[in-house]
$ cat entry14.txt   # compact mmCIF, C-alpha atoms
# COMPACT_ATOMS: atom_id res chain seq x y z
CA MET A 1 99.32 10.12 164.68
CA LEU A 2 97.32 12.36 166.97
CA MET A 3 96.53 11.25 170.53
CA VAL A 4 94.07 13.35 172.50
CA GLU A 5 93.20 12.87 176.14
CA VAL A 6 91.83 16.09 177.63
CA GLU A 7 89.46 17.42 180.23
CA LYS A 8 88.17 20.96 180.47
CA GLN A 9 85.56 22.60 182.66
CA LEU A 10 83.72 25.43 180.88
CA GLY A 11 81.30 26.99 183.35
CA ASP A 12 79.02 24.14 184.33
CA PHE A 13 79.74 22.25 181.10
CA ALA A 14 82.48 19.63 181.23
CA VAL A 15 84.36 18.46 178.15
CA SER A 16 86.23 15.21 178.36
CA ALA A 17 87.66 13.60 175.24
CA LEU A 18 89.82 10.58 174.57
CA PHE A 19 90.51 9.56 170.98
CA ALA A 20 93.18 9.03 168.36
CA GLY A 21 93.36 10.61 164.93
CA GLU A 22 94.86 8.66 162.05
CA THR A 23 95.71 9.37 158.46
CA GLY A 24 92.68 10.23 156.39
CA ALA A 25 89.81 12.24 157.79
CA THR A 26 88.53 11.73 161.30
CA ALA A 27 85.14 13.31 161.93
CA LEU A 28 84.17 14.67 165.32
CA PHE A 29 80.46 14.16 164.92
CA GLY A 30 77.71 15.22 167.28
CA PRO A 31 74.94 17.74 167.90
CA SER A 32 75.62 21.47 168.20
CA GLY A 33 76.85 22.44 171.63
CA ALA A 34 78.37 19.02 172.32
CA GLY A 35 81.82 20.47 172.85
CA LYS A 36 83.36 19.55 169.48
CA THR A 37 84.82 22.99 168.84
CA SER A 38 86.28 23.12 172.37
CA VAL A 39 88.10 19.86 171.65
CA ILE A 40 89.76 21.09 168.46
CA ASN A 41 90.55 24.44 170.06
CA MET A 42 92.50 22.47 172.64
CA ILE A 43 94.30 20.57 169.89
CA ALA A 44 95.14 23.86 168.13
CA GLY A 45 96.40 25.47 171.33
CA LEU A 46 93.68 28.13 171.49
CA LEU A 47 92.06 26.67 174.62
CA ARG A 48 94.04 25.29 177.50
CA PRO A 49 92.83 21.95 178.93
CA ASP A 50 92.59 21.56 182.71
CA ARG A 51 94.04 18.07 182.60
CA GLY A 52 95.39 15.64 180.08
CA ARG A 53 97.84 15.20 177.27
CA ILE A 54 97.94 15.85 173.52
CA THR A 55 100.63 14.39 171.29
CA LEU A 56 101.12 14.61 167.53
CA ALA A 57 103.60 12.31 165.78
CA ASP A 58 105.52 11.68 169.01
CA GLU A 59 105.75 15.37 169.86
CA VAL A 60 104.05 16.42 173.08
CA LEU A 61 101.89 19.47 172.38
CA PHE A 62 100.32 19.58 175.80
CA ASP A 63 100.93 17.69 179.01
CA ALA A 64 99.36 19.09 182.17
CA GLY A 65 101.46 16.83 184.41
CA ALA A 66 104.77 17.81 182.79
CA HIS A 67 103.74 21.49 182.37
CA VAL A 68 104.16 21.35 178.61
CA ASP A 69 101.94 23.71 176.64
CA LEU A 70 103.25 24.52 173.19
CA PRO A 71 101.76 27.88 172.06
CA ALA A 72 99.41 27.75 169.07
CA TRP A 73 101.88 29.49 166.76
CA ARG A 74 104.46 26.75 167.25
CA ARG A 75 102.15 23.76 166.78
CA ARG A 76 102.05 23.78 162.95
CA ILE A 77 98.42 22.75 162.94
CA GLY A 78 96.23 24.26 160.23
CA TYR A 79 92.80 25.45 161.31
CA VAL A 80 89.85 26.32 159.07
CA PHE A 81 87.28 28.18 161.13
CA GLN A 82 83.55 28.05 160.65
CA ASP A 83 83.51 31.75 159.79
CA GLY A 84 86.65 31.75 157.64
CA ARG A 85 88.39 34.54 159.56
CA LEU A 86 90.27 35.90 156.58
CA PHE A 87 92.23 39.02 157.41
CA PRO A 88 90.11 41.92 156.12
CA HIS A 89 93.05 44.26 155.59
CA LEU A 90 94.92 41.86 153.30
CA SER A 91 94.13 40.69 149.77
CA VAL A 92 93.33 37.03 149.17
CA ARG A 93 96.86 36.52 147.85
CA HIS A 94 98.39 38.02 150.98
CA ASN A 95 96.08 35.98 153.20
CA LEU A 96 97.48 32.92 151.45
CA TYR A 97 101.07 34.17 151.88
CA TYR A 98 100.56 34.96 155.55
CA GLY A 99 101.62 31.58 156.95
CA ARG A 100 104.79 31.59 154.85
CA TRP A 101 105.64 35.13 155.96
CA MET A 102 105.29 34.13 159.59
CA SER A 103 107.34 30.95 159.27
CA GLY A 104 110.04 32.58 157.16
CA HIS A 105 109.94 29.83 154.52
CA SER A 106 111.15 30.74 151.07
CA PRO A 107 108.44 31.01 148.42
CA ASP A 108 107.34 27.72 146.91
CA ALA A 109 105.63 28.62 143.64
CA ALA A 110 104.76 25.00 142.84
CA ALA A 111 103.02 24.42 146.18
CA PHE A 112 101.18 27.74 145.83
CA ALA A 113 100.04 26.94 142.29
CA HIS A 114 98.95 23.48 143.39
CA VAL A 115 96.80 24.75 146.24
CA VAL A 116 95.32 27.52 144.08
CA GLU A 117 94.44 24.93 141.44
CA LEU A 118 93.13 22.39 143.97
CA LEU A 119 90.68 24.90 145.42
CA ASN A 120 90.09 26.85 142.21
CA ILE A 121 90.82 30.22 143.80
CA GLY A 122 93.02 31.67 141.05
CA PRO A 123 90.47 34.30 139.96
CA LEU A 124 90.11 35.54 143.54
CA LEU A 125 93.76 36.26 144.30
CA ASP A 126 93.69 40.02 143.93
CA ARG A 127 90.37 40.56 145.64
CA ARG A 128 89.75 41.49 149.22
CA PRO A 129 87.98 39.12 151.63
CA GLY A 130 85.09 41.59 151.98
CA LYS A 131 84.26 41.04 148.30
CA LEU A 132 84.05 37.23 148.45
CA SER A 133 80.98 35.02 148.74
CA GLY A 134 80.71 32.63 151.68
CA GLY A 135 81.84 29.66 149.61
CA GLU A 136 84.80 31.51 148.11
CA ARG A 137 85.84 32.67 151.54
CA GLN A 138 85.88 29.13 152.91
CA ARG A 139 87.94 27.85 149.98
CA VAL A 140 90.49 30.60 150.57
CA ALA A 141 90.52 29.75 154.29
CA VAL A 142 91.28 26.11 153.45
CA GLY A 143 94.06 27.21 151.12
CA ARG A 144 95.52 29.55 153.70
CA ALA A 145 95.69 26.76 156.28
CA LEU A 146 97.13 24.27 153.77
CA LEU A 147 99.92 26.62 152.70
CA THR A 148 101.39 26.65 156.21
CA ARG A 149 102.36 23.02 155.48
CA PRO A 150 100.49 21.80 158.55
CA ARG A 151 101.08 18.45 160.19
CA LEU A 152 97.36 18.24 160.86
CA LEU A 153 94.39 20.13 159.47
CA LEU A 154 91.42 21.04 161.66
CA LEU A 155 88.17 21.92 159.92
CA ASP A 156 85.47 23.32 162.19
CA GLU A 157 82.07 23.08 160.46
CA PRO A 158 83.57 24.68 157.34
CA LEU A 159 80.25 24.42 155.49
CA ALA A 160 77.89 25.41 158.28
CA SER A 161 77.59 29.03 157.17
CA LEU A 162 76.74 28.06 153.58
CA ASP A 163 73.42 27.25 151.91
CA GLN A 164 72.76 23.81 150.45
CA PRO A 165 73.87 24.42 146.83
CA ARG A 166 77.09 26.07 148.07
CA LYS A 167 77.81 23.05 150.26
CA GLN A 168 77.49 20.79 147.24
CA ASP A 169 79.96 23.05 145.41
CA ILE A 170 82.58 22.76 148.11
CA LEU A 171 82.31 19.14 149.17
CA PRO A 172 84.21 17.87 146.10
CA TYR A 173 87.12 20.19 147.00
CA LEU A 174 87.22 18.75 150.49
CA GLU A 175 87.19 15.21 149.09
CA ARG A 176 90.11 16.07 146.83
CA LEU A 177 91.84 17.61 149.78
CA ARG A 178 91.46 14.41 151.78
CA ASP A 179 92.70 12.26 148.91
CA GLU A 180 95.49 14.43 147.52
CA ALA A 181 96.91 16.64 150.24
CA ARG A 182 98.16 13.79 152.46
CA VAL A 183 97.51 15.79 155.63
CA PRO A 184 95.54 14.05 158.36
CA ILE A 185 92.26 15.89 158.87
CA ILE A 186 90.01 16.37 161.86
CA TYR A 187 86.60 17.34 160.54
CA VAL A 188 84.03 18.75 162.96
CA SER A 189 80.40 18.55 161.88
CA HIS A 190 76.87 17.89 163.06
CA ASP A 191 75.71 16.96 159.55
CA ALA A 192 75.64 13.19 158.95
CA ALA A 193 75.45 13.48 155.15
CA GLU A 194 78.51 15.71 155.08
CA VAL A 195 80.47 13.44 157.41
CA ARG A 196 79.55 10.38 155.34
CA ARG A 197 81.19 11.94 152.29
CA ILE A 198 84.32 13.24 153.94
CA ALA A 199 85.21 11.05 156.90
CA THR A 200 87.11 7.79 156.99
CA ARG A 201 86.66 7.47 160.75
CA VAL A 202 84.06 8.85 163.11
CA VAL A 203 84.33 9.93 166.74
CA ARG A 204 80.88 10.62 168.14
CA ILE A 205 80.72 13.36 170.77
CA GLU A 206 77.65 14.01 172.90
CA GLU A 207 77.33 16.30 175.90
CA GLY A 208 81.06 16.80 176.15
CA ARG A 209 82.02 13.12 176.01
CA VAL A 210 83.13 10.66 173.38
CA THR A 211 80.31 8.11 173.18
CA ALA A 212 81.52 5.99 170.25
CA THR A 213 84.49 5.58 167.92
CA GLY A 214 84.52 3.66 164.67
CA GLY A 215 83.86 3.80 160.94
CA VAL A 216 81.16 5.68 159.04
CA GLU A 217 78.69 2.89 159.95
CA LEU A 218 78.34 4.74 163.26
CA LEU A 219 76.32 7.39 161.44
CA SER A 220 73.39 5.11 160.75
CA ALA A 221 73.30 3.85 164.35
CA MET B 1 93.80 90.24 155.49
CA ILE B 2 96.28 87.91 157.11
CA ALA B 3 99.28 90.14 157.65
CA LEU B 4 101.49 88.62 160.28
CA THR B 5 104.74 90.00 161.61
CA PRO B 6 107.80 87.74 161.46
CA GLN B 7 107.44 87.15 165.17
CA GLU B 8 103.88 85.95 164.67
CA TRP B 9 104.90 83.63 161.85
CA THR B 10 107.52 82.25 164.21
CA ALA B 11 104.77 81.52 166.72
CA VAL B 12 102.75 79.72 164.04
CA ALA B 13 105.73 77.63 162.94
CA LEU B 14 106.61 76.87 166.54
CA SER B 15 103.06 75.75 167.29
CA LEU B 16 103.12 73.36 164.35
CA ARG B 17 106.52 72.00 165.36
CA VAL B 18 105.53 71.55 168.99
CA ALA B 19 102.26 69.84 168.08
CA ALA B 20 103.85 67.55 165.50
CA VAL B 21 106.82 66.56 167.68
CA SER B 22 104.69 65.95 170.77
CA THR B 23 102.22 63.81 168.78
CA VAL B 24 104.90 61.71 167.07
CA VAL B 25 106.94 61.18 170.23
CA ALA B 26 103.87 60.34 172.30
CA LEU B 27 102.57 57.83 169.73
CA PRO B 28 104.67 54.74 170.61
CA PHE B 29 104.01 55.29 174.31
CA GLY B 30 100.32 55.84 173.59
CA ILE B 31 100.06 52.61 171.60
CA GLY B 32 101.95 50.69 174.29
CA ILE B 33 99.85 51.97 177.19
CA ALA B 34 96.60 51.57 175.21
CA PHE B 35 97.52 47.94 174.45
CA LEU B 36 98.34 47.23 178.10
CA LEU B 37 95.09 48.78 179.31
CA ALA B 38 93.00 47.07 176.62
CA ARG B 39 94.46 43.60 176.87
CA LYS B 40 96.45 42.89 180.00
CA SER B 41 95.43 42.60 183.59
CA PHE B 42 98.16 43.44 186.06
CA TRP B 43 98.62 44.75 189.56
CA GLY B 44 98.12 48.54 189.69
CA LYS B 45 96.25 48.73 186.38
CA SER B 46 93.62 51.12 187.74
CA LEU B 47 96.44 53.32 189.07
CA VAL B 48 98.07 53.47 185.63
CA ASP B 49 94.67 54.23 184.12
CA ALA B 50 94.12 57.07 186.61
CA LEU B 51 97.62 58.50 186.05
CA VAL B 52 97.15 58.53 182.28
CA HIS B 53 93.84 60.37 182.66
CA LEU B 54 95.08 62.84 185.27
CA PRO B 55 96.00 65.63 182.80
CA LEU B 56 92.43 65.50 181.51
CA VAL B 57 90.94 66.40 184.87
CA LEU B 58 93.65 68.49 186.53
CA PRO B 59 93.66 72.22 185.85
CA PRO B 60 96.34 72.70 183.16
CA VAL B 61 98.13 75.18 185.39
CA VAL B 62 98.54 72.43 187.99
CA THR B 63 99.95 70.05 185.38
CA GLY B 64 102.35 72.79 184.27
CA TYR B 65 103.43 73.40 187.84
CA LEU B 66 103.99 69.68 188.43
CA LEU B 67 106.11 69.57 185.26
CA LEU B 68 108.08 72.57 186.51
CA ILE B 69 108.93 70.94 189.85
CA THR B 70 109.81 67.67 188.10
CA PHE B 71 111.56 68.70 184.88
CA GLY B 72 112.74 72.21 185.81
CA ARG B 73 116.48 72.90 185.66
CA ARG B 74 116.88 72.59 189.43
CA ALA B 75 114.32 69.80 189.78
CA PRO B 76 115.53 66.21 190.31
CA VAL B 77 114.49 64.66 186.98
CA GLY B 78 115.29 67.79 184.99
CA GLU B 79 118.78 68.06 186.47
CA PHE B 80 119.48 64.37 185.86
CA LEU B 81 118.36 64.55 182.21
CA ALA B 82 120.36 67.74 181.62
CA ASP B 83 123.59 66.42 183.21
CA ARG B 84 123.35 62.91 181.88
CA PHE B 85 121.88 63.29 178.40
CA GLY B 86 122.00 67.03 177.77
CA ILE B 87 118.21 67.14 177.42
CA VAL B 88 116.83 70.42 178.76
CA PHE B 89 113.12 71.13 178.96
CA SER B 90 112.78 74.26 181.00
CA PHE B 91 112.14 77.41 178.96
CA ARG B 92 112.81 75.55 175.71
CA TRP B 93 110.47 74.53 172.91
CA THR B 94 111.15 70.92 173.90
CA GLY B 95 109.49 71.72 177.22
CA ALA B 96 106.47 73.03 175.36
CA ALA B 97 106.36 69.77 173.39
CA LEU B 98 106.60 67.78 176.64
CA ALA B 99 103.73 69.74 178.20
CA CYS B 100 101.59 69.35 175.06
CA GLY B 101 102.40 65.65 174.83
CA ILE B 102 101.36 65.05 178.42
CA MET B 103 98.17 67.07 178.06
CA ALA B 104 97.26 65.22 174.85
CA PHE B 105 98.24 61.76 176.09
CA PRO B 106 94.90 60.74 177.67
CA LEU B 107 92.98 61.60 174.50
CA MET B 108 95.42 59.63 172.37
CA VAL B 109 95.35 56.60 174.69
CA ARG B 110 91.55 56.59 174.86
CA ALA B 111 91.07 56.56 171.10
CA ILE B 112 93.68 53.85 170.50
CA ARG B 113 92.47 51.74 173.41
CA LEU B 114 88.89 51.75 172.13
CA SER B 115 89.99 50.63 168.69
CA ILE B 116 92.14 47.83 170.14
CA GLU B 117 89.22 46.67 172.28
CA ALA B 118 87.01 46.59 169.19
CA ILE B 119 89.31 44.20 167.31
CA ASP B 120 87.89 40.74 166.70
CA ARG B 121 90.17 38.55 168.81
CA ARG B 122 89.24 35.56 166.69
CA LEU B 123 91.29 37.03 163.84
CA GLU B 124 94.29 37.02 166.17
CA ASP B 125 93.61 33.37 167.04
CA ALA B 126 93.58 32.63 163.32
CA ALA B 127 96.93 34.39 162.91
CA ALA B 128 98.40 32.33 165.76
CA THR B 129 97.36 29.07 164.09
CA LEU B 130 99.14 30.33 160.96
CA GLY B 131 102.38 30.56 162.93
CA ALA B 132 102.46 34.23 163.95
CA ASN B 133 104.39 34.75 167.17
CA PRO B 134 103.04 37.41 169.54
CA VAL B 135 105.27 40.22 168.23
CA TRP B 136 104.52 39.61 164.55
CA LEU B 137 100.87 39.08 165.37
CA PHE B 138 100.80 42.54 166.94
CA ILE B 139 102.56 44.14 163.97
CA THR B 140 100.66 42.40 161.18
CA ILE B 141 97.15 42.07 162.64
CA THR B 142 96.54 44.17 165.76
CA LEU B 143 98.18 47.41 164.55
CA PRO B 144 96.61 47.50 161.07
CA LEU B 145 93.17 46.69 162.48
CA ALA B 146 93.56 49.45 165.07
CA LEU B 147 94.73 51.98 162.46
CA PRO B 148 91.52 54.05 162.30
CA GLY B 149 91.73 54.54 166.09
CA ILE B 150 95.43 55.33 165.90
CA ILE B 151 94.76 58.03 163.29
CA ALA B 152 91.93 59.44 165.40
CA GLY B 153 94.20 59.41 168.47
CA MET B 154 96.96 61.25 166.63
CA MET B 155 94.48 63.82 165.35
CA LEU B 156 93.07 64.45 168.82
CA ALA B 157 96.56 64.74 170.26
CA PHE B 158 97.67 67.15 167.53
CA ALA B 159 94.60 69.31 168.03
CA ARG B 160 94.99 69.27 171.80
CA ALA B 161 98.66 70.22 171.44
CA LEU B 162 97.81 73.14 169.13
CA GLY B 163 95.33 74.46 171.66
CA GLU B 164 97.46 73.88 174.74
CA PHE B 165 98.01 77.02 176.76
CA GLY B 166 97.88 76.67 180.54
CA ALA B 167 100.39 73.89 181.16
CA THR B 168 102.81 75.23 178.55
CA ILE B 169 102.87 78.82 179.78
CA THR B 170 103.23 77.66 183.39
CA PHE B 171 106.05 75.26 182.62
CA VAL B 172 108.12 77.08 179.97
CA SER B 173 106.69 80.60 180.08
CA ASN B 174 106.00 82.74 177.01
CA ILE B 175 109.32 83.43 175.28
CA PRO B 176 109.01 84.71 171.68
CA GLY B 177 110.87 82.41 169.30
CA GLU B 178 111.34 79.66 171.86
CA THR B 179 108.12 78.83 173.69
CA GLN B 180 105.60 81.34 172.37
CA THR B 181 102.98 79.30 170.52
CA ILE B 182 99.96 80.70 168.67
CA SER B 183 97.84 80.59 171.83
CA ALA B 184 100.48 82.38 173.87
CA ALA B 185 101.05 84.95 171.11
CA ILE B 186 97.32 85.70 170.94
CA TYR B 187 97.25 86.06 174.70
CA THR B 188 100.20 88.46 174.59
CA LEU B 189 98.71 90.56 171.79
CA MET B 190 95.50 90.93 173.72
CA GLN B 191 97.42 92.55 176.56
CA VAL B 192 98.86 95.18 174.20
CA PRO B 193 96.83 98.29 173.28
CA GLY B 194 95.99 98.21 169.55
CA GLY B 195 96.86 94.52 169.17
CA ASP B 196 93.37 93.61 167.99
CA ARG B 197 94.19 93.52 164.30
CA SER B 198 97.12 91.09 164.70
CA THR B 199 95.07 89.05 167.12
CA LEU B 200 92.42 88.54 164.49
CA SER B 201 94.98 87.45 161.91
CA LEU B 202 96.44 84.88 164.29
CA VAL B 203 92.99 83.63 165.19
CA ILE B 204 92.22 83.13 161.49
CA VAL B 205 95.47 81.22 161.02
CA ALA B 206 94.60 79.03 164.02
CA VAL B 207 91.17 78.27 162.55
CA ILE B 208 92.69 77.39 159.16
CA ILE B 209 95.27 75.04 160.69
CA SER B 210 92.67 73.28 162.83
CA PHE B 211 90.33 72.91 159.90
CA ALA B 212 93.08 71.50 157.69
CA ALA B 213 94.16 69.02 160.37
CA LEU B 214 90.58 67.88 160.81
CA THR B 215 90.05 67.41 157.07
CA VAL B 216 93.28 65.47 156.58
CA SER B 217 92.56 63.16 159.50
CA GLU B 218 88.99 62.53 158.36
CA TRP B 219 90.29 61.61 154.94
CA LEU B 220 92.96 59.30 156.37
CA ALA B 221 90.49 57.65 158.73
CA ARG B 222 88.02 57.05 155.92
CA ARG B 223 90.74 55.50 153.76
CA ALA B 224 91.82 53.24 156.63
CA GLN B 225 88.23 52.16 157.24
CA ALA B 226 87.74 51.41 153.57
CA ARG B 227 90.87 49.26 153.54
CA LEU B 228 89.60 47.25 156.49
CA HIS B 229 86.22 46.66 154.93
CA GLY B 230 87.59 45.38 151.73
CA THR B 231 87.14 47.98 149.05

$ encode --input "entry14.txt" --output "structure tokens"
Amino acid sequence: MLMVEVEKQLGDFAVSALFAGETGATALFGPSGAGKTSVINMIAGLLRPDRGRITLADEVLFDAGAHVDLPAWRRRIGYVFQDGRLFPHLSVRHNLYYGRWMSGHSPDAAAFAHVVELLNIGPLLDRRPGKLSGGERQRVAVGRALLTRPRLLLLDEPLASLDQPRKQDILPYLERLRDEARVPIIYVSHDAAEVRRIATRVVRIEEGRVTATGGVELLSA
Amino acid sequence: MIALTPQEWTAVALSLRVAAVSTVVALPFGIGIAFLLARKSFWGKSLVDALVHLPLVLPPVVTGYLLLITFGRRAPVGEFLADRFGIVFSFRWTGAALACGIMAFPLMVRAIRLSIEAIDRRLEDAAATLGANPVWLFITITLPLALPGIIAGMMLAFARALGEFGATITFVSNIPGETQTISAAIYTLMQVPGGDRSTLSLVIVAVIISFAALTVSEWLARRAQARLHGT
């Protein structure tokens, strides 16, 4: 289980978040500019909180008081960015291998085949990221994060850069991911319809603060 | 048309060797310094920056003189290197390579630094979340993305080294077969009555080499760019 209790001053904008993430998909829901991305960057280790504590399954990832700050590369947290961020100099296949190369795990053909099948990215493997559509790119980005065998998967507005039909194409993959991959998910979005389909729990964030926590019924409030 | 004497061919070969060796040896230092200047903030950074750029603004003769009083056989560093490691620079081709490397260094660092600064840091963040430690991140993401700049930096350094004259002749003189590069050979021929014909041949050779180097580096840079942009 993920426990987050962080504070961060960003210019004259203050982010302060206290919530727990459980199995299933927890949505960080709120308007653009509410500080949602800052919160998951702190969970991933890309942004250092001023104060607070982050733990994941009894491991302390960050503790300002105890001077613990595990670097991002040792946190084993998968991150799917809004803009994909595939490595342009590597093929899709090598983007997917990247996490395994870095961790030194031996190849796991079954896991690779499963992820490729889950996201339907088999036909893309030998292409370069520059030749992919927005939707294809995001599916590959999800696969790349999954193949690091993360303990937690962060998805930051993974559909925001896509048009409406594309979103409808990808949502079923994300639902399968939630149901089959057995990785707890933190899903950042400002889109209530999207969150309603994906999330099992909702944390509402407004102006840098958590204003409500609960089930998807929060979305209609 | 191009009829060179053996001594002139030696000068051509020596120029190529000096330029190639100085470029290759300077490269790891150039990448290291460029990375430090592009990414790190540390005490004395502007001093390092100024030192790196010094050969660009100093008269080459001054750089050569400074090398002479530092790396000469009786000079402190030169004596130490000679006694301790058997590395001698003064009046050797290695000294010419050292002078060329130092003269070319600012150009190399500038090109590489610019390309490192242009890298999208968010790709490096992505690599970190995939488990890349800082060293592997540098090798697998930063270096390949900076490759066009690294090629451009090597090309500039090679060209600068081929054209180097002032610092080299001041530091290691103009010894045929040891330190006489194309530039020095042309200079010598121009002092000799009736040397015009040979001078012209050497000049043509110099033009051909420069043109070839430029073409090869353009081609490499274009290939590297194409790789980065996914074709």

$ interface_residues --input "entry14.txt" --of "chain A" --to "chain B" --cutoff "6 Å" --atoms "all atoms listed in the file" --output "number ranges by chain"
A: 72-73, 85, 88-89, 99, 102, 128, 130

$ atom_distance --input "entry14.txt" --atom1 "CA of Val188 (chain A)" --atom2 "CA of Thr37 (chain A)"
7.3 Å

$ closest_residue --input "entry14.txt" --among "A:Val116, A:Met42, A:Leu70, A:Ile205" --to "Glu7 (chain A)" --atoms "all atoms listed in the file"
A:Met42

$ atom_distance --input "entry14.txt" --atom1 "CA of Leu114 (chain B)" --atom2 "CA of Val216 (chain B)"
21.2 Å

$ atom_distance --input "entry14.txt" --atom1 "CA of Gly33 (chain A)" --atom2 "CA of Ala64 (chain A)"
25.1 Å

$ closest_residue --input "entry14.txt" --among "B:Val12, B:Ala167, B:Val109, B:Val25" --to "Ile182 (chain B)" --atoms "all atoms listed in the file"
B:Val12

$ residues_around --input "entry14.txt" --residues "region 20-29 of chain A" --least-positions-apart "2" --cutoff "10 Å" --atoms "all atoms listed in the file" --output "VMD selection string"
chain A and resid 1 to 5 17 to 18 31 to 32 34 to 37 39 to 40 54 to 56 152 to 157 175 177 to 179 181 to 192 194 to 196 198 to 206 210 212 to 216 218 to 219

$ residues_around --input "entry14.txt" --residues "region 91-101 of chain B" --least-positions-apart "3" --cutoff "6 Å" --atoms "all atoms listed in the file" --output "JSON, numbers by chain"
{"B": [18, 22, 104, 105, 161, 168, 172, 178, 179]}

$ closest_residue --input "entry14.txt" --among "B:Leu143, B:Thr181, B:Arg110, B:Tyr65" --to "His53 (chain B)" --atoms "all atoms listed in the file"
B:Arg110

$ decode --input "entry14.txt" --residues "region 26-38 of chain A" --atoms "N, CA and C atoms" --output "compact mmCIF listing (two decimals), in the first residue's frame"
# COMPACT_ATOMS: atom_id res chain seq x y z
N THR A 26 -6.41 4.13 -8.24
CA THR A 26 -6.76 5.34 -7.51
C THR A 26 -6.60 6.53 -8.45
N ALA A 27 -7.65 7.30 -8.62
CA ALA A 27 -7.54 8.46 -9.51
C ALA A 27 -7.20 9.69 -8.68
N LEU A 28 -6.22 10.46 -9.16
CA LEU A 28 -6.03 11.82 -8.64
C LEU A 28 -6.79 12.70 -9.62
N PHE A 29 -7.91 13.22 -9.14
CA PHE A 29 -8.84 13.90 -10.04
C PHE A 29 -8.93 15.37 -9.65
N GLY A 30 -8.88 16.24 -10.63
CA GLY A 30 -9.00 17.66 -10.33
C GLY A 30 -8.70 18.47 -11.57
N PRO A 31 -8.97 19.77 -11.53
CA PRO A 31 -8.75 20.60 -12.72
C PRO A 31 -7.26 20.71 -13.06
N SER A 32 -6.99 21.12 -14.31
CA SER A 32 -5.60 21.33 -14.73
C SER A 32 -4.95 22.37 -13.84
N GLY A 33 -3.69 22.16 -13.53
CA GLY A 33 -2.97 23.12 -12.71
C GLY A 33 -3.25 22.99 -11.23
N ALA A 34 -3.89 21.88 -10.81
CA ALA A 34 -4.20 21.70 -9.40
C ALA A 34 -3.03 21.10 -8.62
N GLY A 35 -2.00 20.68 -9.33
CA GLY A 35 -0.84 20.11 -8.65
C GLY A 35 -0.79 18.60 -8.68
N LYS A 36 -1.63 17.97 -9.53
CA LYS A 36 -1.68 16.51 -9.56
C LYS A 36 -0.35 15.92 -10.04
N THR A 37 0.18 16.50 -11.12
CA THR A 37 1.42 15.97 -11.67
C THR A 37 2.58 16.14 -10.67
N SER A 38 2.58 17.27 -9.95
CA SER A 38 3.63 17.47 -8.94
C SER A 38 3.57 16.35 -7.91
